[in-house]
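What follows is a short report on a single structure.
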Amino acid sequence: MKAAIACLFALAPLWAAEAPDPGITARDKLWIASKIYAAIESRFGHWQAIPGFDLDQAYQRYVDQIAGVTSRREFDLATLEFVAQLRNGHSGFWDKWLFENEPLVGFYLALDRGQWVVRRSQRPGLEPGDVVAAIDGKPAGDFVSERMKYVAASSELARRTTVFFLTPLWPRQFTVELADGRRVKIDRAQELSGPPMRPQAAHPPEGIAYLHIPSFADPKHEQDAIAFLKAHKDEAAIVFDVRGNGGGSTPGQLIRALMDRPWRDWVESTSVLFPLFRTYGEFFSPKAAESDGRGQGYLEAFAQYFQHPYLMLPPAMNQPENPVYTGRMIVLADGSCGSACEDFVMPLKFSGRATVVGETTFGSSGQPYIYNFPNGMGFRVSTKRMYFPDGSEFEGVGIKPDLEIIPTAADIKANRDPALDKAVELARTR
């Protein structure tokens, strides 16, 4: 127990708290921890992605970690770390109190060709395209890696990026050392300036039908896109820009307005909780170890199959229904296009309806079970794992573009958008 508590105190420099810590009661710790464990055990749909993960052992370590904790912040960080072990972008823990007094980091880095490059920044002195060598005296990669264990995401790329948006993991004041020798002092209490962190609408040349869709969280964005299609239905080509679109609700009406050919949905799977199956698995697992070589393989496979059985649903075939637009389409995507945004991009790419340009998407979707506690804490557990129509992996992989174009540090510094340039070129091609 002392080792677990000491570990938490050793992590204290990772964050800075100015608001008084209200603490947490033993009753709340017990209720929240047990509720999360039960939800993972009964509802989690991604066991295939973490085959070596032992939930019971992880939960025991977590319980040891929080047993003597009275600080709400320490409890939150331990819970974030526990849920992050699921390695899933639609499973996670939150606490409104933890984030409500935390100023934004104000920039984020991308690991590009071995360098940590500033992709976007609202901090004076830290410009897009700058190469970062260290943060608070630590190599940038080490600084980010130390915080990744708190991030629930389905890929290494997503975990790295999300670190910059989990504000409680960052000191209130720190120094960024650039590769050119400059040092930029960051005080998160200072006001932000500069362009927003999320990609905004671009400025393509005149004569190009272009629409930026920032989100699918508000139904208005989908309806605006359909209205745009109707107004530009006679255009030879349209560029849809969904970079920075974090999702929302699947834009089914927009997809149907664009599809002029048959297309398949995702393959979907979910865990099947049959107590008898689980009992079979637990019964045959020790039998496998005791059996001779001839029967051991069969018993091991039998036990493994029933450990986390799942149901897989084949992809439905959809037929076009009077599409609004039948011309050529180019879709601009990046690593921030996730969830419902990927629901939009996937059928366009896999049916050959559109050419996707840019970067691989976020790689996470699914229908989460969501639970909110009265004290402002809450969690979600993804119940559905999705695959591409051909059965290949999507979760943690993402949708790869037809034409991959990743901006270099020089592009970012010069405010060049090579992906947009390529999309415009394609749109002009007859």
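Please note that chains go A, B, ... in the order of the structure tokens, that every chain numbers its residues from 1, and that ligands are numbered from 1 in the order shown.
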Query raised in the report: DSSP on the backbone: what in region 72-112 of chain A comes out helix (DSSP H, G or I), as a PyMOL selection string?
Result: chain A and resi 72-84+96-100
Requested in this report: If you run DSSP over the backbone, which residues in region 141-342 of chain A end up strand (DSSP E or B)? Put them as a ChimeraX atom specification.
Outcome: /A:173-178,183-187,209-212,216,237-241,248,263-264,267-271,310-313,317-318,328-333
So that I have them on file, write out the residues from the current selection with C-alpha atoms, as a tab-separated table (two decimals), in the first residue's frame.
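Once everything was written out, this is again37.tsv:
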```tsv
chain	number	residue	atom	x	y	z
A	173	GLN	CA	3.59	26.98	-16.01
A	174	PHE	CA	6.29	25.29	-18.06
A	175	THR	CA	9.00	26.00	-20.62
A	176	VAL	CA	9.12	24.75	-24.20
A	177	GLU	CA	12.60	24.44	-25.72
A	178	LEU	CA	12.72	24.63	-29.50
A	183	ARG	CA	12.87	28.94	-25.10
A	184	VAL	CA	9.18	29.81	-24.76
A	185	LYS	CA	7.66	30.15	-21.30
A	186	ILE	CA	4.04	29.03	-21.16
A	187	ASP	CA	1.64	30.26	-18.49
A	209	ALA	CA	-17.23	23.87	-54.84
A	210	TYR	CA	-15.90	23.41	-51.31
A	211	LEU	CA	-17.62	22.74	-47.98
A	212	HIS	CA	-16.07	22.40	-44.53
A	216	PHE	CA	-21.80	16.08	-36.79
A	237	ALA	CA	-16.77	18.02	-58.51
A	238	ILE	CA	-17.19	18.93	-54.85
A	239	VAL	CA	-14.54	19.01	-52.11
A	240	PHE	CA	-15.75	18.05	-48.64
A	241	ASP	CA	-13.37	19.00	-45.84
A	248	GLY	CA	-21.44	13.27	-33.25
A	263	TRP	CA	-22.56	0.31	-50.44
A	264	ARG	CA	-21.99	-1.83	-47.39
A	267	VAL	CA	-19.20	-5.16	-39.76
A	268	GLU	CA	-20.24	-4.97	-36.09
A	269	SER	CA	-19.44	-7.16	-33.12
A	270	THR	CA	-20.33	-7.13	-29.44
A	271	SER	CA	-19.56	-9.24	-26.42
A	310	TYR	CA	-18.83	-12.28	-29.08
A	311	LEU	CA	-21.49	-11.94	-31.73
A	312	MET	CA	-20.51	-10.58	-35.15
A	313	LEU	CA	-23.08	-9.02	-37.48
A	317	MET	CA	-25.95	-3.89	-48.32
A	318	ASN	CA	-27.59	-0.54	-49.02
A	328	ARG	CA	-17.13	13.56	-58.45
A	329	MET	CA	-16.21	13.94	-54.80
A	330	ILE	CA	-12.95	14.60	-52.99
A	331	VAL	CA	-12.87	14.25	-49.20
A	332	LEU	CA	-10.18	15.90	-47.07
A	333	ALA	CA	-9.59	13.94	-43.86
```
Query raised in the report: Near Ser382 (chain A), counting only C-alpha atoms, which residues have an atom at most 7 Å away, once you skip same-chain residues fewer than 5 positions from it, shown as an MDAnalysis selection string?
Result: chainID A and resid 44:45 90:91 366:369
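Once region 48-57 of chain A and its same-chain neighbours fewer than 3 positions away are set aside, Glu41, Gln60, Arg61, Leu86 and Arg87 of chain A remain within 8 Å of it when counting only C-alpha atoms.
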Requested in this report: Would you mind telling me which residue in A:Arg123, A:Arg243, A:His232, A:His46 lies nearest to Ser193 (chain A) when using only C-alpha atoms?
Outcome: A:Arg123
Requested in this report: Show which residues sit within 10 Å of region 31-33 of chain A, as a count of residues only. Count only C-alpha atoms, and ignore same-chain residues fewer than 6 positions away.
Outcome: 12
